[in-house]
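What follows is a short report on a single structure.
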Amino acid sequence: MNVNRRSFVQLMGASLLTPYTLVAHSDSGPYADYTQLDLGINNFGSNSESIFDLSVASGDPAPRGVILWTHIRDTEYDGTSPLFFQVSLNKNFTQLVMEGSIDAADFSAQRDHTVNLDLDGHLQPRQTYYYRFIYKGVASRTGRCKTLPEHNQDISQLRFAVLTCQDYTTGYFNAYNHLANEDLDFVIHLGDFIYEYATYPSFDDQIKRPIHLPSGEKVAIDIRDFRHIYRTFRSDKNLQRAMEQHTFIITWDDHETANDTFWDYDKDTLGAPDHPYTTDSRFNNDPQKLWQLRIDAQKAWTEYVPARVMIDENASHPFDYLKLYRSFRVGKLMELFMTDTRTYRSEQPCGDGNNWDNYWCYDYNSPGQTMLGNEQKQWLIDGITQSSAKWKMWGNQTLLAQLALTVLGHQVAYANYDAWDGYQKEREDIMKTVKNRDVNNFVVLTGDLHTHIASYLKINYRNINNWDYSNLVGLELMTPSITSPNIQDIIDANIPLKTDLSPLLNGGAQLNNPHIKDFNSAIHGYAVCEVEDNKLYWDVYNIDHKEDKPNTHKETYKRFKYDPWWMWLRKR
């Protein structure tokens with residue numbers, strides 16, 4: 001069965017998804033012959049790194065497929081040899097269900113020798129598969145992937161991990177070694193998968209693994225720098241092992257491009273207030289350079305992240321080049337909406353919020369402030385309010401709930417205008433619509449702040465009553481960062497007190513924001529979410545990142561149980 005996907009892929013405008021020729025395939029089970037390809041395999045993984053230097057990964061599960069990813073070491077690419085892949089029901093590849101080949105021209109230097117294969121339509125629902133790639137007789141390490149259940153399938157339980165913020169330079173990815181051993185249906189990554197920095201700013205004494213960019217700059221300025229950063233991050237063995245074992249669903253935040261990015265609608269270009277293209281006189285604040293920076297960041301992301309997204313390589317505008325937001329229906333139990341809160345957002349109000357005069361700014365309540373853009377906002381609202389799934393989950397980047405200094409419920413100052421507190425009218429519109437349309441079991445999963453937060457979501461945060469059901473909309477759960485510095489790290493770097501201030505911070509956050517039920521900015525790790533028909537469990541793990549010890553202890557920070565009928569969140 002020879003199926004060439006090149007024409008189909010190009011017609012769909014998704015040209016960065018790699019075309020392939022499907023040589024053998026069985027819809028229902030393994031086919032009879034061990035292999036229908038002459039692969040010439042002479043090395044089954046013991047020397048896989050010589051070719052597949054960044055191992056393998058899978059992403060964006062669907063009921064009938066996943067995206068498979070790999071990278072060929074540039075010095076091994078010969079321009080003529082095809083790349084082969086196999087998918088099997090067992091680790092030994094004696095129960096093959098699919099195999100195919102990829103032309104050398106389709107993983108050339110033009111896409112940095114990366115491969116993204118979309119197998120949608122060729123696999124079975126809610127099934128575990130094993131896969132590998134073969135190049136010049138050498139087999140990659142074996143990856144494991146899982147498909148989703150059919151949209152209308154009854155399932156009793158789902159278990160998935162939630163991750164965010166993994167700076168390479170300030171710590172080690174020990175958490176990923178533990179994640180690889182988890183029993184999960186999939187993994188959600190909420191952004192800052194990479195950081196554009198050569199070294200994390202203001203943490204000179206804590207830098208563990210500096211990155212030396214091809215440009216010689218302190219931050220990424222072009223496609224070469226972004227690709228180098230992705231290759232560096234993906235070279236981490238703990239990250240490789242986790243991505244080999246689990247299928248990831250990934251979105252992006254600001255650091256995949258530059259700190260605190262937004263879209264400058266007046267100039268119709270990227271806004272990057274801290275980037276050299278904005279601040280360094282060498283670059284003359286050139287809007288075209290900022291425009292190209294966004295395109296380069298988008299291209300590198302699509303090369304190194306296994307995702308089924310809409311791409312138009314012929315587009316000149318970043319809005320048209322890549323559409324990142326997408327949804328995942330997981331049987332009747334859950335629907336996940338992954339948003340992009342960086343591409344379309346307007347500039348955050350009130351400057352950076354660090355100057356006292358900014359506390360008298362009220363632009364955060366302007367109707368013109370948008371985090372999502374009109375099209376994505378309507379897509380999100382329609383998706384959440386029309387979904388028939390039991391649980392409606394929103395994969396969101398920055399804190400949705402209020403975080404402010406208050407007096408008797410009245411906000412004096414907000415902690416972070418880069419989060420949804422800087423876009424309050426849009427937040428209120430979404431919350432009111434979700435509430436007015438009687439959406440139940442609404443949960444927002446959030447990253448960005450390098451902090452664990454469990455919070456109720458409200459329409460009006462001046463109403464401090466957590467039992468006023470007319471004002472309660474759902475639940476927000478923020479996962480701590482994998483490595484990126486949190487508040488305790490910042491304090492330690494500047495004022496070495498050797499004192500855990502998390503109880504004080506937690507108490508202060510809850511006192512000023514009664515909707516917040518837990519706040520801890522002194523841990524690193526990830527969270528695991530388990531959903532059943534009428535219950536949600538949220539387990540938060542603290543894993544040391546300061547030393548290169550993959551088997552370091554995994555501490556359970558807290559375990560929560562949420563009963564959506566009563567909107568009751570408690571420790572268990």
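To be explicit about the labels: the chains of the structure tokens are called A, B, and onward in the order shown, and within each one the residues are counted from 1, while ligands get numbers from 1 in the order they are shown.
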
Give me, as a ChimeraX atom specification, all polymer residues having an atom no more than 12 Å from Ser215 (chain A), counting only C-alpha atoms and skipping those fewer than 6 positions away in the same chain. /A:198,221-229

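The list of residues with at least one atom within 12 Å of Gln386 (chain A), based on only C-alpha atoms and without residues fewer than 2 positions apart in the same chain, reads Glu335, Gln378, Trp379, Leu380, Ile381, Asp382, Gly383, Ile384, Ser388, Ala389, Lys390, Trp391, Lys392, Thr433, Val434, Arg437, Asp438, Val439 and Asn440 of chain A.
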
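Scanning region 159-275 of chain A with DSSP on the backbone, the strand (DSSP E or B) assignments fall on Arg159, Phe160, Ala161, Val162, Leu163, Phe186, Val187, Ile188, His189, Tyr197, Val219, Thr247, Phe248, Ile249, Ile250, Phe262, Trp263, Asp264, Thr269, Leu270 and Gly271 of chain A.
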
Generate the output file for the selected residues, N, CA and C atoms, as a short mmCIF file (atom, residue, chain, number, x, y, z; two decimals), in the first residue's frame.
data_model
loop_
_atom_site.label_atom_id
_atom_site.label_comp_id
_atom_site.auth_asym_id
_atom_site.auth_seq_id
_atom_site.Cartn_x
_atom_site.Cartn_y
_atom_site.Cartn_z
N ARG A 159 -5.38 10.27 33.48
CA ARG A 159 -4.27 10.71 34.34
C ARG A 159 -3.21 11.36 33.46
N PHE A 160 -2.89 12.61 33.74
CA PHE A 160 -1.91 13.31 32.92
C PHE A 160 -1.08 14.25 33.79
N ALA A 161 0.12 14.56 33.32
CA ALA A 161 1.01 15.48 34.02
C ALA A 161 0.89 16.87 33.42
N VAL A 162 1.20 17.88 34.23
CA VAL A 162 1.18 19.27 33.79
C VAL A 162 2.53 19.90 34.15
N LEU A 163 3.18 20.51 33.14
CA LEU A 163 4.53 21.04 33.29
C LEU A 163 4.60 22.46 32.77
N PHE A 186 -1.08 11.20 28.90
CA PHE A 186 -0.33 12.17 28.11
C PHE A 186 0.26 13.20 29.05
N VAL A 187 1.04 14.13 28.50
CA VAL A 187 1.68 15.21 29.26
C VAL A 187 1.30 16.54 28.63
N ILE A 188 0.92 17.51 29.46
CA ILE A 188 0.62 18.87 29.00
C ILE A 188 1.76 19.79 29.41
N HIS A 189 2.33 20.48 28.44
CA HIS A 189 3.37 21.48 28.72
C HIS A 189 2.83 22.85 28.35
N TYR A 197 17.55 32.88 26.54
CA TYR A 197 18.77 33.39 27.15
C TYR A 197 19.97 32.46 26.96
N VAL A 219 20.96 36.84 24.08
CA VAL A 219 19.66 36.24 23.80
C VAL A 219 19.60 35.88 22.32
N THR A 247 3.47 10.91 25.36
CA THR A 247 3.03 11.79 24.28
C THR A 247 2.70 13.15 24.86
N PHE A 248 3.32 14.19 24.31
CA PHE A 248 3.23 15.55 24.85
C PHE A 248 2.23 16.40 24.06
N ILE A 249 1.55 17.29 24.78
CA ILE A 249 0.73 18.35 24.20
C ILE A 249 1.34 19.67 24.66
N ILE A 250 1.87 20.48 23.74
CA ILE A 250 2.71 21.62 24.10
C ILE A 250 2.18 22.91 23.47
N PHE A 262 4.57 40.73 23.06
CA PHE A 262 3.19 41.06 22.71
C PHE A 262 3.19 41.45 21.24
N TRP A 263 2.02 41.81 20.71
CA TRP A 263 1.97 42.30 19.34
C TRP A 263 1.70 43.80 19.35
N ASP A 264 2.61 44.54 18.74
CA ASP A 264 2.46 45.99 18.63
C ASP A 264 1.56 46.28 17.44
N THR A 269 4.03 44.82 14.35
CA THR A 269 5.23 43.99 14.51
C THR A 269 5.30 43.48 15.94
N LEU A 270 6.25 42.63 16.19
CA LEU A 270 6.45 42.07 17.52
C LEU A 270 6.85 43.15 18.51
N GLY A 271 6.28 43.10 19.69
CA GLY A 271 6.74 43.92 20.80
C GLY A 271 7.59 43.07 21.72
#

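DSSP, applied to the backbone of this structure, assigns helix (DSSP H, G or I) to the following residues of region 109-183 of chain A: A:Ala109, A:Gln110, A:Arg111, A:Asn174, A:Ala175, A:Tyr176, A:Asn177, A:His178, A:Leu179, A:Ala180.
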
Give me the residues within 7 Å of region 449-464 of chain A as a ChimeraX atom specification, counting only C-alpha atoms and dropping any in the same chain fewer than 2 places off. /A:165,401-402,409-410,428,431-432,447,466,471-481,484-486,514-521

Atom pair CA of Ala527 (chain A) / CA of Pro149 (chain A): separation (Å): 22.7 Å

So that I can see what lies close to Ser140 (chain A), please list as an NGL selection string the residues with an atom at most 6 Å from it, counting only C-alpha atoms and leaving out residues fewer than 4 positions away in the same chain. :A and (45 or 48 or 52 or 132-133)

Once you have the residues from the selection above, write them out as a compact mmCIF listing (two decimals), in the first residue's frame, restricted to C-alpha atoms.
# COMPACT_ATOMS: atom_id res chain seq x y z
CA GLY A 45 19.85 1.15 19.43
CA SER A 48 21.59 5.24 18.14
CA PHE A 52 19.66 10.25 16.35
CA ARG A 132 11.43 3.83 16.00
CA PHE A 133 13.30 5.39 13.11

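Distances to Arg111 (chain A) were evaluated for A:Trp301, A:Ala272, A:Leu213, A:Phe283 using only C-alpha atoms, and the minimum falls at A:Trp301.
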
Residues at most 6 Å from region 89-93 of chain A, counting only C-alpha atoms, excluding those fewer than 3 positions away in the same chain, as a PDB file with C-alpha atoms, in the first residue's frame?
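Below you can see part.pdb, which holds the result:
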ATOM      1  CA  LEU A  96       4.203  -4.174  13.236  1.00  0.00           C
ATOM      2  CA  TYR A 129       2.223   1.866  20.408  1.00  0.00           C
ATOM      3  CA  TYR A 130       5.991   1.653  20.101  1.00  0.00           C
TER       4      TYR A 130
END

Within 7 Å of His553 (chain A), counting only C-alpha atoms, which residues show up once you throw out same-chain ones fewer than 2 positions away? Write them as a count of residues only, please. 3

Excluding Glu49 (chain A) and residues on its chain fewer than 2 positions from it, collect all residues at most 10 Å away from it, counting only C-alpha atoms, and give them as a short mmCIF file (atom, residue, chain, number, x, y, z; two decimals) with C-alpha atoms, in the first residue's frame.
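Here's the written file around08.cif:
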data_model
loop_
_atom_site.label_atom_id
_atom_site.label_comp_id
_atom_site.auth_asym_id
_atom_site.auth_seq_id
_atom_site.Cartn_x
_atom_site.Cartn_y
_atom_site.Cartn_z
CA GLY A 45 19.85 1.15 19.43
CA SER A 46 23.19 0.65 21.16
CA ASN A 47 24.76 3.30 18.95
CA ILE A 51 22.66 9.27 14.21
CA PHE A 52 19.66 10.25 16.35
CA ASP A 53 21.44 12.69 18.61
CA LEU A 54 18.24 14.07 20.20
CA SER A 55 16.38 10.72 20.41
CA ILE A 72 19.27 13.47 12.41
CA ARG A 73 22.76 14.56 13.44
CA VAL A 138 21.06 2.38 12.57
CA ALA A 139 17.87 2.26 14.65
CA SER A 140 16.85 5.01 17.03
CA ARG A 141 15.89 4.47 20.62
#

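Between CA of Arg572 (chain A) and CA of Asn534 (chain A) the interatomic distance comes to 15.8 Å.
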
Select from region 203-264 of chain A every residue with an atom at most 12 Å from any atom of region 412-419 of chain A, then for each give the shortest pair of atoms and their distance in Å to one decimal, using only C-alpha atoms, rows by chain and rising number, as JSON lines.
{"residue": "A:Asp253", "atom": "CA", "partner": "A:Ala419", "partner_atom": "CA", "distance": 11.4}
{"residue": "A:Asp254", "atom": "CA", "partner": "A:Asp418", "partner_atom": "CA", "distance": 10.3}
{"residue": "A:Asn259", "atom": "CA", "partner": "A:Asp418", "partner_atom": "CA", "distance": 10.4}
{"residue": "A:Asp260", "atom": "CA", "partner": "A:Asp418", "partner_atom": "CA", "distance": 7.0}
{"residue": "A:Thr261", "atom": "CA", "partner": "A:Asp418", "partner_atom": "CA", "distance": 9.3}
{"residue": "A:Phe262", "atom": "CA", "partner": "A:Asp418", "partner_atom": "CA", "distance": 9.6}

Residue with smallest distance to His151 (chain A) - pool A:Met393, A:Leu22, A:Ala509, A:Ala62, counting only C-alpha atoms: A:Ala62

Provide the CA of Gly368 (chain A) to CA of Thr341 (chain A) distance in Å, to one decimal place. 15.3 Å

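For the residues A:Leu184, A:Ser28, A:Thr169, A:Cys361, ranking by smallest atom-to-atom distance to Tyr200 (chain A) using only C-alpha atoms places A:Thr169 first.
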